[in-house]
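Engineer: Just coords08.cif, nothing more (mmCIF, C-alpha atoms):
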data_target
#
loop_
_atom_site.label_atom_id
_atom_site.label_comp_id
_atom_site.auth_asym_id
_atom_site.auth_seq_id
_atom_site.Cartn_x
_atom_site.Cartn_y
_atom_site.Cartn_z
CA MET A 500 45.36 -18.89 -31.24
CA GLU A 501 42.35 -17.43 -32.92
CA CYS A 502 38.94 -18.98 -33.34
CA LEU A 503 37.32 -19.02 -36.77
CA GLY A 504 34.00 -20.73 -37.38
CA GLY A 505 34.23 -22.61 -34.09
CA ARG A 506 37.65 -24.10 -34.93
CA ALA A 507 40.85 -23.04 -33.23
CA ARG A 508 43.60 -22.07 -35.62
CA ARG A 509 47.15 -21.41 -34.59
CA LYS A 510 48.75 -18.19 -35.63
CA ALA A 511 52.29 -17.69 -36.81
CA GLY A 512 54.57 -17.68 -33.81
CA ASP A 513 52.61 -20.29 -31.81
CA GLN A 514 54.92 -22.45 -29.75
CA ASP A 515 54.95 -26.11 -28.80
CA ARG A 516 56.58 -28.14 -26.03
CA ILE A 517 58.66 -30.96 -27.50
CA CYS A 518 61.06 -33.63 -26.26
CA HIS A 519 64.38 -32.83 -27.93
CA ARG A 520 66.80 -35.73 -28.27
CA THR A 521 70.19 -35.63 -26.60
CA ALA A 522 73.15 -37.96 -27.05
CA SER A 523 72.87 -39.21 -23.46
CA HIS A 524 71.66 -42.73 -22.70
CA THR A 525 70.91 -41.69 -19.10
CA ASN A 526 68.99 -38.52 -20.09
CA PRO A 527 67.86 -39.13 -23.68
CA TYR A 528 65.45 -36.16 -23.92
CA VAL A 529 65.14 -32.58 -22.68
CA GLN A 530 61.89 -30.64 -22.70
CA ILE A 531 62.05 -27.42 -24.71
CA THR A 532 59.48 -24.99 -26.09
CA VAL A 533 59.99 -23.91 -29.68
CA ASP A 534 58.20 -21.90 -32.33
CA GLN A 535 56.33 -24.12 -34.76
CA SER A 536 58.51 -22.82 -37.60
CA ALA A 537 61.44 -24.54 -35.86
CA ILE A 538 59.65 -27.84 -36.55
CA PHE A 539 57.77 -27.48 -39.80
CA ASN A 540 58.36 -24.43 -41.97
CA ASN A 541 55.13 -22.96 -43.40
CA GLY A 542 53.50 -26.39 -43.45
CA ILE A 543 55.62 -27.35 -46.45
CA VAL A 544 59.09 -28.49 -45.44
CA PRO A 545 60.36 -30.23 -42.30
CA ASN A 546 62.71 -27.83 -40.61
CA GLY A 547 65.05 -27.98 -37.62
CA HIS A 548 63.51 -30.32 -35.05
CA GLY A 549 61.26 -31.83 -37.72
CA THR A 550 64.41 -33.31 -39.24
CA HIS A 551 65.43 -35.01 -35.96
CA THR A 552 63.89 -38.24 -37.14
CA GLY A 553 64.46 -41.67 -35.73
CA PRO A 554 62.57 -43.99 -33.43
CA VAL A 555 61.79 -43.42 -29.76
CA PHE A 556 64.68 -44.09 -27.33
CA PRO A 557 66.16 -46.68 -26.71
CA SER A 558 65.90 -47.66 -30.38
CA VAL A 559 68.11 -45.85 -32.87
CA GLY A 560 67.80 -45.13 -36.57
CA PRO A 561 70.34 -45.74 -39.34
CA ASP A 562 72.29 -42.69 -38.16
CA GLY A 563 72.65 -44.20 -34.67
CA LYS A 564 70.32 -41.59 -33.12
CA TRP A 565 66.78 -41.58 -31.77
CA GLY A 566 64.29 -38.90 -32.81
CA ASP A 567 62.59 -35.94 -31.18
CA ILE A 568 59.07 -36.45 -29.82
CA ILE A 569 56.83 -33.74 -31.27
CA PRO A 570 53.07 -33.32 -30.75
CA ALA A 571 50.85 -32.77 -33.79
CA PHE A 572 49.71 -29.26 -34.69
CA ASP A 573 47.84 -27.67 -37.57
CA GLY A 574 49.43 -28.95 -40.78
CA TYR A 575 51.99 -31.17 -39.00
CA PRO A 576 51.16 -34.78 -38.06
CA GLY A 577 53.57 -35.03 -35.15
CA GLN A 578 56.52 -37.34 -34.67
CA ASN A 579 57.09 -40.43 -32.50
CA LEU A 580 53.58 -40.34 -31.03
CA THR A 581 53.64 -44.02 -30.12
CA ALA A 582 52.62 -45.29 -26.68
CA GLN A 583 56.27 -44.99 -25.58
CA GLY A 584 56.67 -41.53 -27.11
CA LEU A 585 53.46 -40.23 -25.51
CA ALA A 586 54.49 -41.69 -22.13
CA ILE A 587 57.78 -39.77 -22.33
CA LEU A 588 56.13 -36.56 -23.61
CA ASN A 589 53.49 -36.69 -20.85
CA ASN A 590 56.20 -37.32 -18.22
CA GLY A 591 58.04 -34.04 -18.85
CA CYS A 592 60.36 -35.71 -21.40
CA LYS A 593 61.74 -38.10 -18.79
CA VAL A 594 61.70 -41.80 -19.63
CA PRO A 595 59.20 -43.26 -17.15
CA GLY A 596 60.54 -45.89 -14.81
CA PRO A 597 59.00 -49.31 -14.39
CA PRO A 598 55.93 -49.35 -12.17
CA THR A 599 56.64 -49.66 -8.47
CA THR A 600 55.33 -52.91 -7.05
CA THR A 601 54.87 -54.16 -3.55
CA THR A 602 54.27 -57.62 -2.23
CA PRO A 603 51.87 -58.27 0.60
CA PRO A 604 53.56 -58.56 4.00
CA THR A 605 54.14 -62.08 5.18
CA SER A 606 53.44 -63.13 8.71
CA PRO A 607 53.58 -66.54 10.32
CA PRO A 608 50.35 -68.36 9.52
CA THR A 609 48.08 -69.13 12.42
CA SER A 610 46.38 -71.80 10.39
CA PRO A 611 47.21 -73.48 7.11
CA PRO A 612 46.70 -71.05 4.22
CA THR A 613 43.71 -71.76 2.03
CA THR A 614 44.84 -69.58 -0.91
CA SER A 615 48.15 -68.48 -2.34
CA PRO A 616 49.34 -64.87 -1.75
CA SER A 617 48.13 -62.34 -4.31
CA ALA A 618 50.37 -61.09 -7.11
CA PRO A 619 52.28 -57.80 -6.65
CA THR A 620 50.12 -54.73 -7.10
CA THR A 621 50.91 -51.41 -8.76
CA THR A 622 51.28 -48.63 -6.21
CA ARG A 623 51.47 -45.72 -8.61
CA PRO A 624 48.03 -44.07 -8.70
CA GLY A 625 46.55 -43.14 -12.06
CA VAL A 626 48.50 -45.75 -14.05
CA SER A 627 46.31 -48.13 -15.99
CA ALA A 628 47.16 -51.78 -16.52
CA ALA A 629 47.78 -51.03 -20.21
CA GLN A 630 50.21 -48.23 -19.34
CA ALA A 631 52.02 -50.44 -16.84
CA ALA A 632 52.27 -53.22 -19.44
CA ALA A 633 53.61 -50.76 -22.04
CA ALA A 634 56.21 -49.50 -19.55
CA ALA A 635 57.23 -53.08 -18.71
CA ARG A 636 57.66 -53.90 -22.42
CA PHE A 637 59.62 -50.69 -22.92
CA PHE A 638 62.04 -51.48 -20.12
CA ALA A 639 62.39 -55.11 -21.20
CA ALA A 640 63.42 -53.86 -24.66
CA LEU A 641 65.79 -51.34 -23.07
CA GLN A 642 67.41 -54.07 -20.99
CA ALA A 643 67.68 -56.44 -23.98
CA GLN A 644 69.33 -53.73 -26.03
CA ALA A 645 71.83 -52.97 -23.25
CA GLN A 646 72.67 -56.69 -22.95
CA ALA A 647 73.16 -56.95 -26.73
CA ARG A 648 75.54 -53.96 -26.68
CA ALA A 649 77.49 -55.49 -23.77
CA GLN A 650 77.74 -58.85 -25.58
CA ALA A 651 78.87 -57.14 -28.79
CA ALA A 652 81.52 -55.18 -26.88
CA ALA A 653 82.75 -58.34 -25.15
CA ALA A 654 82.96 -60.24 -28.45
CA ALA A 655 84.86 -57.48 -30.26
CA PRO A 656 88.55 -58.28 -30.74
CA VAL A 657 91.05 -56.12 -28.91
CA VAL A 658 93.21 -54.37 -31.45
CA GLY A 659 96.43 -52.73 -30.44
CA ALA A 660 99.60 -51.46 -32.03
CA PRO A 661 101.79 -54.17 -33.52
CA ARG A 662 104.79 -55.20 -31.44
CA THR A 663 108.18 -54.58 -32.84
CA THR A 664 111.42 -56.21 -31.84
CA GLY A 665 114.56 -54.35 -32.05
#
Can you dump the structure from the file as structure tokens?
Structural biologist:
Amino acid sequence: MECLGGRARRKAGDQDRICHRTASHTNPYVQITVDQSAIFNNGIVPNGHGTHTGPVFPSVGPDGKWGDIIPAFDGYPGQNLTAQGLAILNNGCKVPGPPTTTTPPTSPPTSPPTTSPSAPTTTRPGVSAAQAAAAARFFAALQAQAQARAQAAAAAPVVGAPRTTG
């Protein structure tokens, strides 16, 4: 990068870390570092990874694929920079798991309880309530999509070769 007039400007050949889509439902993204020209050629035409469009996993586009997650850079607005996309990008291109919760230990009461036990608490440090809620919504959508696929597969008729009698 070079600095002109107090503003940083990227030079040709600058590279960016992106989450490149795979075809795997268990490992939907891999982290790679690419030259900006492999994303957006001369600030004019989407190129290479910039053409890997589609929503953030687990959703798919009309082509049945999800899209790359690409941070914005000079002249390029970025791609799939939603809360889910940013969570994946900031997690090394791994889909974050649901927040880990614990319940308070239970012990035999020595006297009748005066209040009900508290709700489960998040044990993952540095995760805000908004991030935990976004992750919960993300995994609920993932689970709903998996159930819909399973129901569609179960409802599909079994087609085999016709029987012949001889």
Engineer: For segment 572-579 of chain A, please output as number ranges by chain all residues within 7 Å (counting only C-alpha atoms; exclusion window: fewer than 2 positions along the same chain).
Structural biologist: A: 509, 539, 542, 554-555, 568-570, 581, 584
Engineer: Quick one, how far is atom CA of Arg520 of chain A from atom CA of Asp567 of chain A?
Structural biologist: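 Separation of atom CA of Arg520 of chain A and atom CA of Asp567 of chain A: 5.1 Å.
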Engineer: Taking the file above as input, evaluate the PyMOL selection byres ((chain A and resi 564) around 9) and report the hits as a VMD selection string.
Structural biologist: chain A and resid 520 to 522 551 to 554 556 558 to 563 565 to 566
Engineer: What is the atom CA of Gln642 of chain A-atom CA of Gly549 of chain A distance in Å, reported with one decimal?
Structural biologist: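 These atoms are spaced 28.5 Å apart.
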Engineer: Find the distance between atom CA of Gln650 of chain A and atom CA of Gln583 of chain A and write it in Å to one decimal.
Structural biologist: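 Separation between atom CA of Gln650 of chain A and atom CA of Gln583 of chain A: 25.6 Å.
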Engineer: Using all atoms listed in the file, find all polymer residues with an atom at most 12 Å away from the point (56.9, -38.6, -20.2); report them as number ranges by chain.
Structural biologist: A: 516-518, 527-530, 555-556, 568, 580-596, 630, 634
